[in-house]
$ cat coords07.cif   # mmCIF, C-alpha atoms
data_structure
loop_
_atom_site.group_PDB
_atom_site.id
_atom_site.type_symbol
_atom_site.label_atom_id
_atom_site.label_comp_id
_atom_site.auth_asym_id
_atom_site.auth_seq_id
_atom_site.Cartn_x
_atom_site.Cartn_y
_atom_site.Cartn_z
ATOM 1 C CA MET U 1 -306.486 143.457 75.281
ATOM 2 C CA SER U 2 -307.471 143.447 71.627
ATOM 3 C CA LYS U 3 -310.606 145.177 70.438
ATOM 4 C CA PHE U 4 -313.408 142.840 69.365
ATOM 5 C CA ASP U 5 -316.315 144.131 67.316
ATOM 6 C CA HIS U 6 -318.933 141.402 67.126
ATOM 7 C CA LEU U 7 -320.617 143.188 64.199
ATOM 8 C CA ASP U 8 -317.651 142.255 62.015
ATOM 9 C CA LEU U 9 -318.374 138.539 62.434
ATOM 10 C CA ASP U 10 -320.624 136.481 60.189
ATOM 11 C CA GLY U 11 -321.382 132.818 59.573
ATOM 12 C CA HIS U 12 -318.920 132.695 56.686
ATOM 13 C CA LEU U 13 -316.025 133.669 58.988
ATOM 14 C CA LEU U 14 -317.098 131.157 61.617
ATOM 15 C CA ARG U 15 -317.312 128.382 59.032
ATOM 16 C CA LEU U 16 -313.878 129.356 57.706
ATOM 17 C CA LEU U 17 -312.350 129.170 61.195
ATOM 18 C CA LEU U 18 -313.748 125.673 61.697
ATOM 19 C CA ALA U 19 -312.556 124.540 58.280
ATOM 20 C CA VAL U 20 -308.953 125.623 58.938
ATOM 21 C CA VAL U 21 -308.963 124.136 62.449
ATOM 22 C CA GLU U 22 -310.331 120.810 61.216
ATOM 23 C CA ALA U 23 -308.258 120.625 58.012
ATOM 24 C CA GLY U 24 -305.041 121.793 59.659
ATOM 25 C CA SER U 25 -304.045 123.787 56.579
ATOM 26 C CA VAL U 26 -305.141 126.696 54.420
ATOM 27 C CA THR U 27 -305.025 124.444 51.363
ATOM 28 C CA GLY U 28 -307.255 121.830 52.955
ATOM 29 C CA ALA U 29 -309.714 124.460 54.148
ATOM 30 C CA ALA U 30 -309.874 125.997 50.662
ATOM 31 C CA GLN U 31 -310.646 122.599 49.124
ATOM 32 C CA ARG U 32 -313.289 121.872 51.738
ATOM 33 C CA LEU U 33 -314.995 125.225 51.241
ATOM 34 C CA GLY U 34 -314.560 125.273 47.467
ATOM 35 C CA VAL U 35 -312.722 128.615 47.495
ATOM 36 C CA THR U 36 -309.223 129.785 46.630
ATOM 37 C CA GLN U 37 -306.310 129.700 49.072
ATOM 38 C CA SER U 38 -305.950 133.477 48.731
ATOM 39 C CA ALA U 39 -309.584 133.934 49.780
ATOM 40 C CA VAL U 40 -308.995 131.788 52.888
ATOM 41 C CA SER U 41 -305.820 133.724 53.749
ATOM 42 C CA HIS U 42 -307.611 137.057 53.298
ATOM 43 C CA LEU U 43 -310.489 136.081 55.572
ATOM 44 C CA LEU U 44 -308.083 134.636 58.148
ATOM 45 C CA ASP U 45 -306.324 138.011 58.298
ATOM 46 C CA LYS U 46 -309.701 139.654 58.904
ATOM 47 C CA LEU U 47 -310.496 137.153 61.657
ATOM 48 C CA ARG U 48 -307.100 137.728 63.274
ATOM 49 C CA ALA U 49 -307.763 141.466 63.336
ATOM 50 C CA ILE U 50 -311.156 140.902 64.962
ATOM 51 C CA THR U 51 -309.927 138.444 67.605
ATOM 52 C CA GLY U 52 -306.501 139.961 68.256
ATOM 53 C CA ASP U 53 -304.935 136.490 68.098
ATOM 54 C CA PRO U 54 -302.681 134.856 65.454
ATOM 55 C CA LEU U 55 -305.098 131.876 65.517
ATOM 56 C CA PHE U 56 -302.646 129.593 63.673
ATOM 57 C CA VAL U 57 -298.877 129.168 63.858
ATOM 58 C CA LYS U 58 -296.472 127.216 61.675
ATOM 59 C CA SER U 59 -295.549 123.715 62.785
ATOM 60 C CA GLY U 60 -293.242 121.805 60.482
ATOM 61 C CA ARG U 61 -294.788 121.919 57.028
ATOM 62 C CA GLY U 62 -298.255 122.676 58.336
ATOM 63 C CA ILE U 63 -300.003 124.900 60.837
ATOM 64 C CA VAL U 64 -301.600 124.329 64.220
ATOM 65 C CA ALA U 65 -304.361 126.217 65.970
ATOM 66 C CA THR U 66 -303.536 128.379 68.952
ATOM 67 C CA ALA U 67 -305.305 127.747 72.250
ATOM 68 C CA ARG U 68 -307.490 130.781 71.527
ATOM 69 C CA ALA U 69 -308.423 129.392 68.096
ATOM 70 C CA GLU U 70 -309.443 126.053 69.637
ATOM 71 C CA GLU U 71 -311.590 127.889 72.162
ATOM 72 C CA LEU U 72 -313.189 130.027 69.451
ATOM 73 C CA ALA U 73 -313.800 126.954 67.281
ATOM 74 C CA ALA U 74 -315.913 125.379 70.000
ATOM 75 C CA GLU U 75 -317.953 128.586 70.288
ATOM 76 C CA ALA U 76 -318.193 128.848 66.483
ATOM 77 C CA ARG U 77 -319.780 125.401 66.224
ATOM 78 C CA GLU U 78 -322.518 126.446 68.623
ATOM 79 C CA LEU U 79 -323.051 129.809 66.918
ATOM 80 C CA LEU U 80 -323.344 128.113 63.528
ATOM 81 C CA ARG U 81 -325.940 125.725 64.922
ATOM 82 C CA GLN U 82 -327.897 128.736 66.170
ATOM 83 C CA LEU U 83 -327.598 130.453 62.787
ATOM 84 C CA GLN U 84 -328.864 127.326 61.037
ATOM 85 C CA HIS U 85 -331.806 127.146 63.419
ATOM 86 C CA PHE U 86 -332.566 130.827 62.787
ATOM 87 C CA ALA U 87 -332.436 130.319 59.002
ATOM 88 C CA HIS U 88 -334.561 127.197 59.108
ATOM 89 C CA SER U 89 -337.163 128.932 61.215
ATOM 90 C CA VAL U 90 -337.959 131.220 58.265
ATOM 91 C CA ASP U 91 -341.269 130.125 56.791
ATOM 92 C CA PHE U 92 -340.113 129.768 53.188
ATOM 93 C CA ASP U 93 -342.494 128.053 50.778
ATOM 94 C CA PRO U 94 -341.130 127.671 47.210
ATOM 95 C CA ALA U 95 -344.674 127.342 45.871
ATOM 96 C CA ARG U 96 -345.442 130.885 47.086
ATOM 97 C CA TRP U 97 -342.157 132.450 45.951
ATOM 98 C CA GLN U 98 -342.693 135.252 43.433
ATOM 99 C CA ALA U 99 -339.491 136.596 41.898
ATOM 100 C CA THR U 100 -337.281 136.990 38.855
ATOM 101 C CA TYR U 101 -334.062 135.113 39.539
ATOM 102 C CA THR U 102 -331.051 135.941 37.372
ATOM 103 C CA ILE U 103 -328.260 133.439 36.700
ATOM 104 C CA ALA U 104 -325.126 134.289 34.700
ATOM 105 C CA ALA U 105 -323.752 131.372 32.700
ATOM 106 C CA ASN U 106 -322.051 130.793 29.373
ATOM 107 C CA ASP U 107 -323.497 128.387 26.821
ATOM 108 C CA PHE U 108 -321.708 125.244 28.066
ATOM 109 C CA GLN U 109 -322.988 125.326 31.639
ATOM 110 C CA ARG U 110 -326.256 126.982 30.579
ATOM 111 C CA ASP U 111 -327.232 124.160 28.218
ATOM 112 C CA LEU U 112 -325.899 121.416 30.499
ATOM 113 C CA LEU U 113 -327.641 122.416 33.734
ATOM 114 C CA LEU U 114 -330.223 125.155 33.419
ATOM 115 C CA PRO U 115 -333.006 123.495 31.385
ATOM 116 C CA ALA U 116 -333.265 120.845 34.120
ATOM 117 C CA LEU U 117 -333.206 123.553 36.800
ATOM 118 C CA ALA U 118 -335.963 125.450 34.993
ATOM 119 C CA ALA U 119 -338.056 122.271 34.884
ATOM 120 C CA ARG U 120 -337.695 121.834 38.658
ATOM 121 C CA LEU U 121 -338.710 125.455 39.221
ATOM 122 C CA ARG U 122 -341.826 125.085 37.082
ATOM 123 C CA LEU U 123 -342.912 122.210 39.321
ATOM 124 C CA SER U 124 -341.918 123.510 42.758
ATOM 125 C CA ALA U 125 -341.717 127.306 42.359
ATOM 126 C CA PRO U 126 -343.956 128.288 39.429
ATOM 127 C CA GLY U 127 -343.922 131.929 40.501
ATOM 128 C CA VAL U 128 -340.193 132.248 39.766
ATOM 129 C CA ALA U 129 -339.113 133.584 36.368
ATOM 130 C CA LEU U 130 -335.604 132.415 35.492
ATOM 131 C CA ARG U 131 -333.504 134.963 33.593
ATOM 132 C CA ILE U 132 -330.243 133.771 32.042
ATOM 133 C CA ILE U 133 -327.493 136.207 31.067
ATOM 134 C CA PRO U 134 -323.990 135.459 29.707
ATOM 135 C CA SER U 135 -321.260 135.407 32.330
ATOM 136 C CA ALA U 136 -318.246 135.764 29.973
ATOM 137 C CA ILE U 137 -315.410 136.112 32.493
ATOM 138 C CA PRO U 138 -317.395 136.900 35.667
ATOM 139 C CA ARG U 139 -316.886 140.306 37.254
ATOM 140 C CA LEU U 140 -317.125 141.050 40.965
ATOM 141 C CA ASP U 141 -319.604 143.852 40.380
ATOM 142 C CA MET U 142 -322.054 141.447 38.715
ATOM 143 C CA LEU U 143 -322.669 139.966 42.153
ATOM 144 C CA ARG U 144 -321.970 143.002 44.296
ATOM 145 C CA ASN U 145 -324.413 145.147 42.295
ATOM 146 C CA ASP U 146 -326.980 142.333 42.131
ATOM 147 C CA GLU U 147 -326.907 142.146 38.323
ATOM 148 C CA CYS U 148 -327.384 138.438 38.972
ATOM 149 C CA GLN U 149 -327.979 136.350 42.067
ATOM 150 C CA LEU U 150 -325.860 133.396 40.966
ATOM 151 C CA VAL U 151 -322.992 132.763 38.549
ATOM 152 C CA ILE U 152 -322.041 129.354 37.141
ATOM 153 C CA SER U 153 -318.489 129.491 35.845
ATOM 154 C CA PRO U 154 -315.057 127.828 35.960
ATOM 155 C CA ARG U 155 -313.603 131.245 36.854
ATOM 156 C CA PRO U 156 -314.831 132.533 40.238
ATOM 157 C CA PRO U 157 -313.985 136.201 40.758
ATOM 158 C CA GLU U 158 -311.924 136.745 43.894
ATOM 159 C CA GLY U 159 -313.430 138.801 46.695
ATOM 160 C CA SER U 160 -313.827 138.375 50.431
ATOM 161 C CA ASP U 161 -317.586 138.809 50.021
ATOM 162 C CA ILE U 162 -317.906 136.163 47.296
ATOM 163 C CA VAL U 163 -318.843 132.555 48.092
ATOM 164 C CA GLN U 164 -318.365 129.600 45.771
ATOM 165 C CA LYS U 165 -319.013 125.866 45.687
ATOM 166 C CA ARG U 166 -317.624 123.351 43.215
ATOM 167 C CA LEU U 167 -320.375 121.641 41.234
ATOM 168 C CA PHE U 168 -318.313 119.241 39.112
ATOM 169 C CA GLU U 169 -315.034 118.822 37.280
ATOM 170 C CA ASP U 170 -314.626 118.058 33.585
ATOM 171 C CA GLN U 171 -311.641 117.139 31.413
ATOM 172 C CA TYR U 172 -310.647 118.700 28.107
ATOM 173 C CA ARG U 173 -311.021 116.769 24.855
ATOM 174 C CA VAL U 174 -309.935 117.568 21.305
ATOM 175 C CA PHE U 175 -312.823 117.646 18.807
ATOM 176 C CA TYR U 176 -312.414 117.315 15.025
ATOM 177 C CA ASP U 177 -314.155 116.208 11.844
ATOM 178 C CA ALA U 178 -313.080 112.592 11.319
ATOM 179 C CA SER U 179 -313.956 112.805 7.607
ATOM 180 C CA MET U 180 -311.300 115.501 7.168
ATOM 181 C CA ARG U 181 -308.483 114.421 9.444
ATOM 182 C CA ALA U 182 -307.309 111.870 11.994
ATOM 183 C CA ALA U 183 -306.843 112.505 15.685
ATOM 184 C CA PRO U 184 -303.600 114.387 16.421
ATOM 185 C CA ARG U 185 -300.887 111.734 16.848
ATOM 186 C CA ASP U 186 -298.739 113.554 19.368
ATOM 187 C CA GLU U 187 -297.796 116.948 20.753
ATOM 188 C CA ALA U 188 -296.000 118.000 17.552
ATOM 189 C CA ASP U 189 -298.988 117.074 15.372
ATOM 190 C CA TYR U 190 -301.355 118.887 17.736
ATOM 191 C CA LEU U 191 -299.306 122.092 17.780
ATOM 192 C CA ALA U 192 -298.801 122.028 13.997
ATOM 193 C CA ALA U 193 -302.575 122.040 13.395
ATOM 194 C CA ASP U 194 -304.843 125.063 13.052
ATOM 195 C CA HIS U 195 -307.161 125.512 16.015
ATOM 196 C CA ALA U 196 -310.556 127.054 16.711
ATOM 197 C CA THR U 197 -311.222 128.477 20.167
ATOM 198 C CA VAL U 198 -313.515 130.595 22.324
ATOM 199 C CA VAL U 199 -312.440 134.117 23.263
ATOM 200 C CA TYR U 200 -314.517 135.946 25.871
ATOM 201 C CA GLU U 201 -312.371 139.066 26.127
ATOM 202 C CA PRO U 202 -309.985 140.579 23.564
ATOM 203 C CA ARG U 203 -306.307 139.923 24.207
ATOM 204 C CA ARG U 204 -307.064 137.540 27.097
ATOM 205 C CA SER U 205 -306.188 133.905 26.529
ATOM 206 C CA LEU U 206 -308.042 130.970 28.039
ATOM 207 C CA ASP U 207 -306.761 129.275 31.177
ATOM 208 C CA LEU U 208 -305.815 126.316 28.971
ATOM 209 C CA ASP U 209 -303.535 128.477 26.829
ATOM 210 C CA GLN U 210 -302.026 130.167 29.875
ATOM 211 C CA HIS U 211 -301.238 126.659 31.154
ATOM 212 C CA LEU U 212 -299.673 125.643 27.832
ATOM 213 C CA ALA U 213 -297.706 128.900 27.592
ATOM 214 C CA GLY U 214 -296.189 128.113 30.983
ATOM 215 C CA LYS U 215 -294.760 124.973 29.371
ATOM 216 C CA GLY U 216 -293.529 126.888 26.343
ATOM 217 C CA LEU U 217 -296.338 125.553 24.106
ATOM 218 C CA HIS U 218 -298.502 127.724 21.858
ATOM 219 C CA ARG U 219 -301.447 126.871 19.626
ATOM 220 C CA ARG U 220 -302.071 128.543 16.248
ATOM 221 C CA PHE U 221 -305.614 129.903 16.044
ATOM 222 C CA ALA U 222 -307.443 130.197 12.742
ATOM 223 C CA ILE U 223 -310.913 130.790 14.222
ATOM 224 C CA MET U 224 -311.946 132.622 17.396
ATOM 225 C CA VAL U 225 -315.628 132.796 18.390
ATOM 226 C CA PRO U 226 -317.522 134.105 21.449
ATOM 227 C CA THR U 227 -319.293 130.856 22.450
ATOM 228 C CA PHE U 228 -318.703 127.106 22.450
ATOM 229 C CA SER U 229 -321.879 126.536 20.423
ATOM 230 C CA ALA U 230 -320.387 128.572 17.564
ATOM 231 C CA LEU U 231 -317.413 126.206 17.143
ATOM 232 C CA PRO U 232 -318.889 123.033 15.507
ATOM 233 C CA PRO U 233 -319.867 124.677 12.177
ATOM 234 C CA PHE U 234 -316.256 125.779 11.774
ATOM 235 C CA LEU U 235 -314.942 122.278 12.506
ATOM 236 C CA ARG U 236 -317.198 120.384 10.100
ATOM 237 C CA GLY U 237 -315.616 120.022 6.691
ATOM 238 C CA THR U 238 -312.239 121.296 7.862
ATOM 239 C CA ALA U 239 -309.069 119.980 9.524
ATOM 240 C CA LEU U 240 -309.425 122.364 12.462
ATOM 241 C CA LEU U 241 -309.093 121.190 16.073
ATOM 242 C CA ALA U 242 -311.052 122.522 19.060
ATOM 243 C CA THR U 243 -309.962 121.716 22.616
ATOM 244 C CA VAL U 244 -312.992 122.191 24.848
ATOM 245 C CA PRO U 245 -314.682 120.622 27.913
ATOM 246 C CA GLY U 246 -315.404 116.966 27.170
ATOM 247 C CA LEU U 247 -319.024 117.180 28.341
ATOM 248 C CA LEU U 248 -319.786 119.273 25.270
ATOM 249 C CA ALA U 249 -319.850 115.975 23.349
ATOM 250 C CA ARG U 250 -323.379 115.560 24.765
ATOM 251 C CA GLN U 251 -324.569 118.872 23.399
ATOM 252 C CA THR U 252 -323.609 120.871 20.328
ATOM 253 C CA PHE U 253 -320.500 118.782 19.543
ATOM 254 C CA THR U 254 -322.464 115.620 18.766
ATOM 255 C CA GLY U 255 -321.387 114.002 15.506
ATOM 256 C CA LEU U 256 -317.799 115.184 15.822
ATOM 257 C CA ALA U 257 -314.964 112.854 16.766
ATOM 258 C CA SER U 258 -312.888 113.504 19.862
ATOM 259 C CA CYS U 259 -309.791 112.278 21.649
ATOM 260 C CA PRO U 260 -307.804 113.143 24.787
ATOM 261 C CA PRO U 261 -305.382 116.049 24.240
ATOM 262 C CA PRO U 262 -301.837 114.867 23.401
ATOM 263 C CA VAL U 263 -300.545 117.642 25.667
ATOM 264 C CA SER U 264 -300.845 118.176 29.408
ATOM 265 C CA CYS U 265 -304.081 120.037 30.183
ATOM 266 C CA PRO U 266 -305.532 121.280 33.466
ATOM 267 C CA SER U 267 -308.881 119.990 34.662
ATOM 268 C CA ASN U 268 -311.947 122.116 34.038
ATOM 269 C CA PRO U 269 -313.863 122.717 37.302
ATOM 270 C CA MET U 270 -317.269 124.364 37.451
ATOM 271 C CA TYR U 271 -318.483 126.471 40.376
ATOM 272 C CA ALA U 272 -321.690 127.989 41.658
ATOM 273 C CA ILE U 273 -320.804 131.502 42.827
ATOM 274 C CA TRP U 274 -322.843 133.993 44.833
ATOM 275 C CA HIS U 275 -322.537 137.054 47.050
ATOM 276 C CA ALA U 276 -322.243 136.582 50.803
ATOM 277 C CA ARG U 277 -325.456 138.562 51.317
ATOM 278 C CA TYR U 278 -327.349 135.509 50.091
ATOM 279 C CA GLN U 279 -325.428 132.921 52.080
ATOM 280 C CA GLN U 280 -328.167 132.462 54.685
ATOM 281 C CA ASP U 281 -331.125 133.568 52.548
ATOM 282 C CA ALA U 282 -333.734 130.806 52.644
ATOM 283 C CA ALA U 283 -334.885 131.231 49.045
ATOM 284 C CA HIS U 284 -331.346 131.411 47.693
ATOM 285 C CA ARG U 285 -330.292 128.346 49.691
ATOM 286 C CA TRP U 286 -333.282 126.442 48.338
ATOM 287 C CA LEU U 287 -332.460 127.355 44.748
ATOM 288 C CA ARG U 288 -328.789 126.427 45.197
ATOM 289 C CA ALA U 289 -329.927 123.041 46.449
ATOM 290 C CA GLN U 290 -332.096 122.629 43.341
ATOM 291 C CA LEU U 291 -329.092 123.441 41.148
ATOM 292 C CA GLU U 292 -326.935 120.880 42.930
ATOM 293 C CA ALA U 293 -329.698 118.300 42.521
ATOM 294 C CA VAL U 294 -329.584 118.542 38.714
ATOM 295 C CA VAL U 295 -325.795 118.149 38.416
ATOM 296 C CA ALA U 296 -325.504 114.367 38.847
ATOM 297 C CA PRO U 297 -328.311 113.526 36.365
ATOM 298 C CA ALA U 298 -326.796 115.957 33.829
ATOM 299 C CA LEU U 299 -323.390 114.297 34.078
ATOM 300 C CA ALA U 300 -324.904 110.805 33.873
ATOM 301 C CA HIS U 301 -326.676 111.363 30.523
#

$ encode --input "coords07.cif" --output "structure tokens"
Amino acid sequence: MSKFDHLDLDGHLLRLLLAVVEAGSVTGAAQRLGVTQSAVSHLLDKLRAITGDPLFVKSGRGIVATARAEELAAEARELLRQLQHFAHSVDFDPARWQATYTIAANDFQRDLLLPALAARLRLSAPGVALRIIPSAIPRLDMLRNDECQLVISPRPPEGSDIVQKRLFEDQYRVFYDASMRAAPRDEADYLAADHATVVYEPRRSLDLDQHLAGKGLHRRFAIMVPTFSALPPFLRGTALLATVPGLLARQTFTGLASCPPPVSCPSNPMYAIWHARYQQDAAHRWLRAQLEAVVAPALAH
């Protein structure tokens, strides 16, 4: 008989079990939960160790739940309902909340989402001071050490104690000064141009350039800056190209021309990321809901 320590279980593990059972795959569960496949696999291994059961076995190209997993899934649904009832029973009143809440975000997501979030807080939770710090490439210890309570980034750090949810997905566009040059005609024209880009860490390329390098393509950089908002002054009056999230056209890239990249580019997802300690916290859940509420209006403008 396998050892079972109930103190090792939490709502996140129960929700993960249900997601894999219902999706029938690790990939599907990861998409449903908004986490990476490796995070799902890691937590499944933890759950297997707790339950002493393989939980899922291969079947053709997919996986199927064991009888024990099906039994546990039924219990998990009830336990999650009880957890939700427990959380909702907390008498949380945003109007009485007094706190400094720290969010890590770079200038793109900061300018797109956080002014609207701040406006909602001033109306519903006036006692909350919102502190914004740069996220750069988010580190695990930012969340583990409570340097911030929430990160908004396209690059969630991987950790079994880190939770994430996809907020939206953007597509890259190429920005340029139309008075100085035309849109790049094709891949060869694009790669022959000088480029301006954002570099958050020395000697670490962007995901876009890692993607291009995998196809044997490399851009030539003439300008490297620490933020997206620093790029437009370098584009104006020059023939430089900048390949950045398309939604920036609504912010600091106004007045510049843009076109779809003439090379294959990955999509640009954006996630809300937090530590598992806040998963069931009433105040944190309320603020996450406020953040999600401002996404659709921000994308519609």

$ resolve_selection --input "coords07.cif" --expression "the PyMOL selection byres ((chain U and resi 280-289) around 12)" --output "PDB file with C-alpha atoms, in the frame of the given file"
ATOM      1  CA  ASP U  10    -320.624 136.481  60.189  1.00  0.00           C
ATOM      2  CA  GLY U  11    -321.382 132.818  59.573  1.00  0.00           C
ATOM      3  CA  HIS U  12    -318.920 132.695  56.686  1.00  0.00           C
ATOM      4  CA  LEU U  80    -323.344 128.113  63.528  1.00  0.00           C
ATOM      5  CA  LEU U  83    -327.598 130.453  62.787  1.00  0.00           C
ATOM      6  CA  GLN U  84    -328.864 127.326  61.037  1.00  0.00           C
ATOM      7  CA  HIS U  85    -331.806 127.146  63.419  1.00  0.00           C
ATOM      8  CA  PHE U  86    -332.566 130.827  62.787  1.00  0.00           C
ATOM      9  CA  ALA U  87    -332.436 130.319  59.002  1.00  0.00           C
ATOM     10  CA  HIS U  88    -334.561 127.197  59.108  1.00  0.00           C
ATOM     11  CA  SER U  89    -337.163 128.932  61.215  1.00  0.00           C
ATOM     12  CA  VAL U  90    -337.959 131.220  58.265  1.00  0.00           C
ATOM     13  CA  ASP U  91    -341.269 130.125  56.791  1.00  0.00           C
ATOM     14  CA  PHE U  92    -340.113 129.768  53.188  1.00  0.00           C
ATOM     15  CA  ASP U  93    -342.494 128.053  50.778  1.00  0.00           C
ATOM     16  CA  PRO U  94    -341.130 127.671  47.210  1.00  0.00           C
ATOM     17  CA  ALA U  95    -344.674 127.342  45.871  1.00  0.00           C
ATOM     18  CA  ARG U  96    -345.442 130.885  47.086  1.00  0.00           C
ATOM     19  CA  TRP U  97    -342.157 132.450  45.951  1.00  0.00           C
ATOM     20  CA  GLN U  98    -342.693 135.252  43.433  1.00  0.00           C
ATOM     21  CA  ALA U  99    -339.491 136.596  41.898  1.00  0.00           C
ATOM     22  CA  THR U 100    -337.281 136.990  38.855  1.00  0.00           C
ATOM     23  CA  TYR U 101    -334.062 135.113  39.539  1.00  0.00           C
ATOM     24  CA  THR U 102    -331.051 135.941  37.372  1.00  0.00           C
ATOM     25  CA  ILE U 103    -328.260 133.439  36.700  1.00  0.00           C
ATOM     26  CA  LEU U 114    -330.223 125.155  33.419  1.00  0.00           C
ATOM     27  CA  LEU U 117    -333.206 123.553  36.800  1.00  0.00           C
ATOM     28  CA  ALA U 118    -335.963 125.450  34.993  1.00  0.00           C
ATOM     29  CA  ARG U 120    -337.695 121.834  38.658  1.00  0.00           C
ATOM     30  CA  LEU U 121    -338.710 125.455  39.221  1.00  0.00           C
ATOM     31  CA  SER U 124    -341.918 123.510  42.758  1.00  0.00           C
ATOM     32  CA  ALA U 125    -341.717 127.306  42.359  1.00  0.00           C
ATOM     33  CA  VAL U 128    -340.193 132.248  39.766  1.00  0.00           C
ATOM     34  CA  LEU U 130    -335.604 132.415  35.492  1.00  0.00           C
ATOM     35  CA  CYS U 148    -327.384 138.438  38.972  1.00  0.00           C
ATOM     36  CA  GLN U 149    -327.979 136.350  42.067  1.00  0.00           C
ATOM     37  CA  LEU U 150    -325.860 133.396  40.966  1.00  0.00           C
ATOM     38  CA  VAL U 151    -322.992 132.763  38.549  1.00  0.00           C
ATOM     39  CA  ILE U 152    -322.041 129.354  37.141  1.00  0.00           C
ATOM     40  CA  VAL U 163    -318.843 132.555  48.092  1.00  0.00           C
ATOM     41  CA  GLN U 164    -318.365 129.600  45.771  1.00  0.00           C
ATOM     42  CA  LYS U 165    -319.013 125.866  45.687  1.00  0.00           C
ATOM     43  CA  ARG U 166    -317.624 123.351  43.215  1.00  0.00           C
ATOM     44  CA  LEU U 167    -320.375 121.641  41.234  1.00  0.00           C
ATOM     45  CA  TYR U 271    -318.483 126.471  40.376  1.00  0.00           C
ATOM     46  CA  ALA U 272    -321.690 127.989  41.658  1.00  0.00           C
ATOM     47  CA  ILE U 273    -320.804 131.502  42.827  1.00  0.00           C
ATOM     48  CA  TRP U 274    -322.843 133.993  44.833  1.00  0.00           C
ATOM     49  CA  HIS U 275    -322.537 137.054  47.050  1.00  0.00           C
ATOM     50  CA  ALA U 276    -322.243 136.582  50.803  1.00  0.00           C
ATOM     51  CA  ARG U 277    -325.456 138.562  51.317  1.00  0.00           C
ATOM     52  CA  TYR U 278    -327.349 135.509  50.091  1.00  0.00           C
ATOM     53  CA  GLN U 279    -325.428 132.921  52.080  1.00  0.00           C
ATOM     54  CA  GLN U 290    -332.096 122.629  43.341  1.00  0.00           C
ATOM     55  CA  LEU U 291    -329.092 123.441  41.148  1.00  0.00           C
ATOM     56  CA  GLU U 292    -326.935 120.880  42.930  1.00  0.00           C
ATOM     57  CA  ALA U 293    -329.698 118.300  42.521  1.00  0.00           C
ATOM     58  CA  VAL U 294    -329.584 118.542  38.714  1.00  0.00           C
ATOM     59  CA  VAL U 295    -325.795 118.149  38.416  1.00  0.00           C
TER      60      VAL U 295
END

$ closest_residue --input "coords07.cif" --among "U:Ala298, U:Leu17, U:Met224, U:Leu112" --to "U:Pro54" --atoms "all atoms listed in the file"
U:Leu17

$ resolve_selection --input "coords07.cif" --expression "the PyMOL selection byres ((chain U and resi 207) around 10)" --output "PyMOL selection string"
chain U and resi 154-155+204-206+208-213+265-266+268

$ residues_around --input "coords07.cif" --residues "stretch 244-256 of chain U" --least-positions-apart "3" --cutoff "10 Å" --atoms "all atoms listed in the file" --output "VMD selection string"
chain U and resid 107 to 109 111 to 112 169 to 179 196 to 198 208 228 to 233 235 to 236 241 259 to 261 267 to 269 298 to 299 301

$ resolve_selection --input "coords07.cif" --expression "the PyMOL selection byres ((chain U and resi 72-78) around 10)" --output "ChimeraX atom specification"
/U:11,13-22,51,55,65-71,79-84

$ atom_distance --input "coords07.cif" --atom1 "atom CA of U:Leu217" --atom2 "atom CA of U:Leu191"
7.8 Å

$ atom_distance --input "coords07.cif" --atom1 "atom CA of U:Asp161" --atom2 "atom CA of U:His42"
10.6 Å

$ atom_distance --input "coords07.cif" --atom1 "atom CA of U:Gly28" --atom2 "atom CA of U:Asp53"
21.2 Å

$ closest_residue --input "coords07.cif" --among "U:Ser160, U:Lys58, U:Pro134, U:His195" --to "U:Leu44" --atoms "all atoms listed in the file"
U:Ser160

$ closest_residue --input "coords07.cif" --among "U:Ala105, U:Tyr190, U:Leu9, U:Ala30" --to "U:Arg48" --atoms "all atoms listed in the file"
U:Leu9

$ closest_residue --input "coords07.cif" --among "U:Ala222, U:Ala116, U:Val64, U:Met142" --to "U:Phe234" --atoms "all atoms listed in the file"
U:Ala222

$ decode --input "coords07.cif" --residues "stretch 13-21 of chain U" --atoms "N, CA and C atoms" --output "PDB file, in the first residue's frame"
ATOM      1  N   LEU U  13      -3.120  20.924  -7.429  1.00  0.00           N
ATOM      2  CA  LEU U  13      -2.931  19.540  -7.864  1.00  0.00           C
ATOM      3  C   LEU U  13      -4.262  18.889  -8.224  1.00  0.00           C
ATOM      4  N   LEU U  14      -5.291  19.186  -7.461  1.00  0.00           N
ATOM      5  CA  LEU U  14      -6.607  18.621  -7.758  1.00  0.00           C
ATOM      6  C   LEU U  14      -7.127  19.124  -9.105  1.00  0.00           C
ATOM      7  N   ARG U  15      -6.952  20.425  -9.346  1.00  0.00           N
ATOM      8  CA  ARG U  15      -7.395  21.006 -10.609  1.00  0.00           C
ATOM      9  C   ARG U  15      -6.603  20.424 -11.780  1.00  0.00           C
ATOM     10  N   LEU U  16      -5.311  20.181 -11.563  1.00  0.00           N
ATOM     11  CA  LEU U  16      -4.480  19.582 -12.602  1.00  0.00           C
ATOM     12  C   LEU U  16      -4.959  18.171 -12.935  1.00  0.00           C
ATOM     13  N   LEU U  17      -5.264  17.376 -11.910  1.00  0.00           N
ATOM     14  CA  LEU U  17      -5.751  16.018 -12.136  1.00  0.00           C
ATOM     15  C   LEU U  17      -7.015  16.044 -12.988  1.00  0.00           C
ATOM     16  N   LEU U  18      -7.950  16.914 -12.643  1.00  0.00           N
ATOM     17  CA  LEU U  18      -9.190  17.002 -13.416  1.00  0.00           C
ATOM     18  C   LEU U  18      -8.926  17.429 -14.851  1.00  0.00           C
ATOM     19  N   ALA U  19      -8.009  18.368 -15.033  1.00  0.00           N
ATOM     20  CA  ALA U  19      -7.724  18.866 -16.375  1.00  0.00           C
ATOM     21  C   ALA U  19      -7.171  17.759 -17.261  1.00  0.00           C
ATOM     22  N   VAL U  20      -6.271  16.931 -16.735  1.00  0.00           N
ATOM     23  CA  VAL U  20      -5.683  15.854 -17.538  1.00  0.00           C
ATOM     24  C   VAL U  20      -6.725  14.775 -17.815  1.00  0.00           C
ATOM     25  N   VAL U  21      -7.543  14.448 -16.810  1.00  0.00           N
ATOM     26  CA  VAL U  21      -8.598  13.454 -17.006  1.00  0.00           C
ATOM     27  C   VAL U  21      -9.570  13.922 -18.084  1.00  0.00           C
TER      28      VAL U  21
END
